[in-house]
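A short write-up of the structure that comes next.
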Amino acid sequence: MRTQTIGEALPAREHLPVSVAGRPVLDVVIPVYNEEKDLEPCVRRLHEHLLRTFPYGFRITVADNASTDTTPDVAAALAAEVPEVRSVRLEQKGRGRALRTVWSASDAPVLAYMDVDLSTDLNALLPLVAPLISGHSDLAIGSRLSRSSRVVRGPKREFISRAYNLILRSSLAARFSDAQCGFKAIRREVAERLLPMVEDTGWFFDTEMLVLAERAGLRIHEVPVDWVDDPDSTVHIVRTATDDLKGVWRVGRALATGSLPLDRLARPFGDDPRDRELNGVPGGLARQLVGFCVVGVLSTLFYLALYSAFRLGVGPQLANAAALLVSAVANTAANRRLTFGVRGRDRAVRHQAQGLVVFAIGLALTSGSLAALGAASGDPAHSTELAVLIVANLAATVLRFLLFRLWVFPERPAPQTSSRNER
């Protein structure tokens with residue numbers, strides 16, 4: 001992203017070593033609140049599964065969210081008996097708070113969590129974390145909504161889950177399929193940058209984390225899971241749904257205003273140093289061209305619709321100027337955010353002023369084309385005017401991209417690095 005501060009971006013993903021001396025590769029967190037009955041069988045079953053199937057060192061962390069029953073005692077007893085188990089006590093409730101606290105303090109390079117009821121089949125655990133260990137992905141989630149998933153739950157929960165994910169897709173443009181499945185993992189270096197941006201401390205924590213990661217361009221791996229609903233779940237559906245909708249509004253507003261420093265989550269392309277030392281190829285050119293073309297097509301359609309509407313009441317020159325002015329402001333704002341990755345309000349006025357200069361050049365091209373058409377044809381048909389304007393706008397578009405890239409949103413110079421062949 002264009003607002004990226006040198007030295008703050010994430011490094012390239014790398015395959016984790018087979019063994020890391022003195023620390024586990026995986027830390028599985030189990031957040032609990034008043035789970036004195038289910039906690040011990042859950043931990044023992046998970047521990048046995050990891051011993052049998054997981055080829056790396058691991059840790060199981062029980063995160064107690066201010067339980068008022070004997071859950072802390074059960075967790076402490078398990079930690080004293082099983083070397084790979086530890087317990088953490090929090091004096092405040094909130095699943096998000098528990099995950100943030102434990103993940104932020106963990107030394108494991110891969111961090112995961114699952115619900116204490118073990119609704120998700122544990123055979124999906126290794127496929128969940130394998131892409132993170134290999135360096136392929138940044139986060140991984142279990143999905144109950146995949147076609148190959150097998151899910152047993154009531155129609156009420158099924159409807160709520162699908163409706164919630166539909167809301168996320170329509171309001172926040174989320175592309176992941178299942179935000180609330182209690183089965184997720186993240187690489188530690190990503191968590192160190194991402195967690196401070198996540199405000200929620202409850203059930204919306206997962207969704208907020210995934211939306212921000214996706215918007216930052218991080219890779220999210222989805223694993224189809226087999227899942228059996230826990231009929232004794234104590235989750236308050238109505239209150240949780242209300243809090244989630246409030247969270248959707250808050251995150252959507254933050255993304256719209258560009259107030260989040262998502263540039264700190266940018267990844268370089270690939271893990272080969274040669275991918276970041278290509279000579280003669282402007283960084284991000286292909287992506288910018290795609291973004292600029294998409295914005296250009298939409299703004300051209302917007303411009304033509306405005307021109308047709310304005311043309312009903314005024315002459316062609318005034319209609320063209322008004323339509324081009326309105327569409328130019330929208331085009332500059334869209335390219336600033338989507339094509340060149342500039343977020344926040346810093347230099348926004350300056351960018352719009354420079355965009356108006358680019359607009360003036362486009363106006364000269366299109367107005368000159370209309371004048372030439374009028375001189376040649378006298379009273380041209382409306383369809384002919386539109387055809388001439390389309391051709392003129394194509395020429396103006398090429399010039400606009402060059403001016404945007406080289407003048408309005410120029411690449412910031414990167415620090416000089418030594419050649420790979422230097423000794």
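By order in the structure tokens, chains are A, B, ...; within a chain, residues start at 1; ligands start at 1, following the order shown.
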Polymer residues at most 12 Å from stretch 298-300 of chain A, only C-alpha atoms, same-chain spacing of 2 or more positions, as a ChimeraX atom specification: /A:291-296,302-307,323-335,386,389-394,396-397
Members of stretch 22-201 of chain A assigned strand (DSSP E or B) by DSSP, as a ChimeraX atom specification: /A:26-32,58-65,85-90,110-114,120,139-143,150-152,183-187
Can I get the selection written as a short mmCIF file (atom, residue, chain, number, x, y, z; two decimals), in the first residue's frame, with N, CA and C atoms?
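Resulting contents of selection_35.cif:
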data_model
loop_
_atom_site.label_atom_id
_atom_site.label_comp_id
_atom_site.auth_asym_id
_atom_site.auth_seq_id
_atom_site.Cartn_x
_atom_site.Cartn_y
_atom_site.Cartn_z
N LEU A 26 3.20 -24.76 17.96
CA LEU A 26 1.76 -24.45 17.99
C LEU A 26 1.30 -24.22 19.43
N ASP A 27 0.52 -23.15 19.62
CA ASP A 27 -0.11 -22.88 20.91
C ASP A 27 -1.62 -22.83 20.68
N VAL A 28 -2.34 -23.83 21.19
CA VAL A 28 -3.79 -23.92 21.03
C VAL A 28 -4.45 -23.35 22.29
N VAL A 29 -5.22 -22.30 22.14
CA VAL A 29 -5.88 -21.66 23.26
C VAL A 29 -7.33 -22.14 23.34
N ILE A 30 -7.75 -22.45 24.55
CA ILE A 30 -9.14 -22.84 24.80
C ILE A 30 -9.73 -21.81 25.77
N PRO A 31 -10.49 -20.83 25.28
CA PRO A 31 -11.12 -19.86 26.18
C PRO A 31 -12.33 -20.49 26.87
N VAL A 32 -12.44 -20.29 28.18
CA VAL A 32 -13.53 -20.94 28.93
C VAL A 32 -14.13 -19.98 29.93
N PHE A 58 4.04 -28.65 20.78
CA PHE A 58 2.78 -27.92 20.94
C PHE A 58 2.55 -27.57 22.40
N ARG A 59 1.60 -26.66 22.59
CA ARG A 59 1.17 -26.27 23.92
C ARG A 59 -0.35 -26.07 23.88
N ILE A 60 -1.02 -26.42 24.97
CA ILE A 60 -2.45 -26.16 25.12
C ILE A 60 -2.60 -25.16 26.26
N THR A 61 -3.21 -24.01 25.98
CA THR A 61 -3.38 -22.98 27.00
C THR A 61 -4.86 -22.80 27.31
N VAL A 62 -5.22 -23.00 28.54
CA VAL A 62 -6.59 -22.77 28.99
C VAL A 62 -6.68 -21.32 29.46
N ALA A 63 -7.52 -20.54 28.80
CA ALA A 63 -7.70 -19.13 29.16
C ALA A 63 -9.03 -18.97 29.88
N ASP A 64 -8.96 -18.82 31.18
CA ASP A 64 -10.18 -18.73 31.99
C ASP A 64 -10.66 -17.29 32.05
N ASN A 65 -11.90 -17.06 31.58
CA ASN A 65 -12.51 -15.72 31.55
C ASN A 65 -13.32 -15.45 32.81
N VAL A 85 0.38 -28.52 28.99
CA VAL A 85 -0.79 -27.71 29.31
C VAL A 85 -0.41 -26.61 30.30
N ARG A 86 -0.93 -25.43 30.07
CA ARG A 86 -0.78 -24.33 31.02
C ARG A 86 -2.12 -23.62 31.17
N SER A 87 -2.30 -22.86 32.23
CA SER A 87 -3.55 -22.14 32.45
C SER A 87 -3.25 -20.67 32.69
N VAL A 88 -4.17 -19.83 32.19
CA VAL A 88 -4.08 -18.38 32.37
C VAL A 88 -5.41 -17.91 32.91
N ARG A 89 -5.38 -17.09 33.95
CA ARG A 89 -6.60 -16.57 34.57
C ARG A 89 -6.78 -15.10 34.22
N LEU A 90 -7.95 -14.74 33.69
CA LEU A 90 -8.31 -13.35 33.43
C LEU A 90 -9.47 -12.97 34.34
N VAL A 110 2.92 -20.26 15.65
CA VAL A 110 1.56 -20.46 15.16
C VAL A 110 0.62 -20.50 16.35
N LEU A 111 -0.42 -19.66 16.30
CA LEU A 111 -1.38 -19.54 17.39
C LEU A 111 -2.75 -19.97 16.90
N ALA A 112 -3.44 -20.77 17.69
CA ALA A 112 -4.76 -21.26 17.30
C ALA A 112 -5.70 -21.19 18.49
N TYR A 113 -6.97 -21.41 18.20
CA TYR A 113 -7.93 -21.56 19.30
C TYR A 113 -9.08 -22.44 18.85
N MET A 114 -9.73 -23.05 19.81
CA MET A 114 -10.94 -23.83 19.53
C MET A 114 -11.84 -23.77 20.76
N THR A 120 -15.89 -29.06 16.59
CA THR A 120 -15.19 -29.30 15.33
C THR A 120 -14.37 -30.58 15.41
N LEU A 139 -3.46 -16.52 7.93
CA LEU A 139 -4.49 -16.96 8.87
C LEU A 139 -5.17 -18.19 8.28
N ALA A 140 -5.84 -18.95 9.12
CA ALA A 140 -6.60 -20.11 8.66
C ALA A 140 -7.86 -20.23 9.50
N ILE A 141 -8.96 -20.59 8.85
CA ILE A 141 -10.24 -20.70 9.55
C ILE A 141 -10.93 -21.99 9.15
N GLY A 142 -11.65 -22.56 10.09
CA GLY A 142 -12.52 -23.67 9.76
C GLY A 142 -13.84 -23.14 9.22
N SER A 143 -14.37 -23.79 8.22
CA SER A 143 -15.62 -23.35 7.61
C SER A 143 -16.67 -24.45 7.67
N ARG A 150 -19.52 -31.26 6.77
CA ARG A 150 -20.67 -32.00 7.29
C ARG A 150 -21.04 -31.40 8.64
N VAL A 151 -22.24 -30.88 8.72
CA VAL A 151 -22.65 -30.10 9.90
C VAL A 151 -23.96 -30.65 10.45
N VAL A 152 -23.99 -30.78 11.77
CA VAL A 152 -25.22 -31.19 12.45
C VAL A 152 -25.59 -30.08 13.43
N PHE A 183 -12.74 -22.12 15.42
CA PHE A 183 -11.65 -22.99 14.99
C PHE A 183 -10.78 -22.19 14.03
N LYS A 184 -9.77 -21.48 14.58
CA LYS A 184 -8.99 -20.55 13.76
C LYS A 184 -7.52 -20.59 14.20
N ALA A 185 -6.66 -20.10 13.30
CA ALA A 185 -5.22 -20.03 13.60
C ALA A 185 -4.62 -18.84 12.88
N ILE A 186 -3.48 -18.37 13.39
CA ILE A 186 -2.82 -17.20 12.85
C ILE A 186 -1.33 -17.30 13.11
N ARG A 187 -0.51 -16.80 12.20
CA ARG A 187 0.93 -16.74 12.44
C ARG A 187 1.22 -15.62 13.45
#
Atomic distance atom CA of A:Leu50 - atom CA of A:His221, expressed in Å with one decimal: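 Between these atoms lies a distance of 20.8 Å.
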Neighbour list for A:Ser119 as a PyMOL selection string, cut-off 6 Å, only C-alpha atoms, skip fewer than 2 positions in-chain: chain A and resi 117+227-228
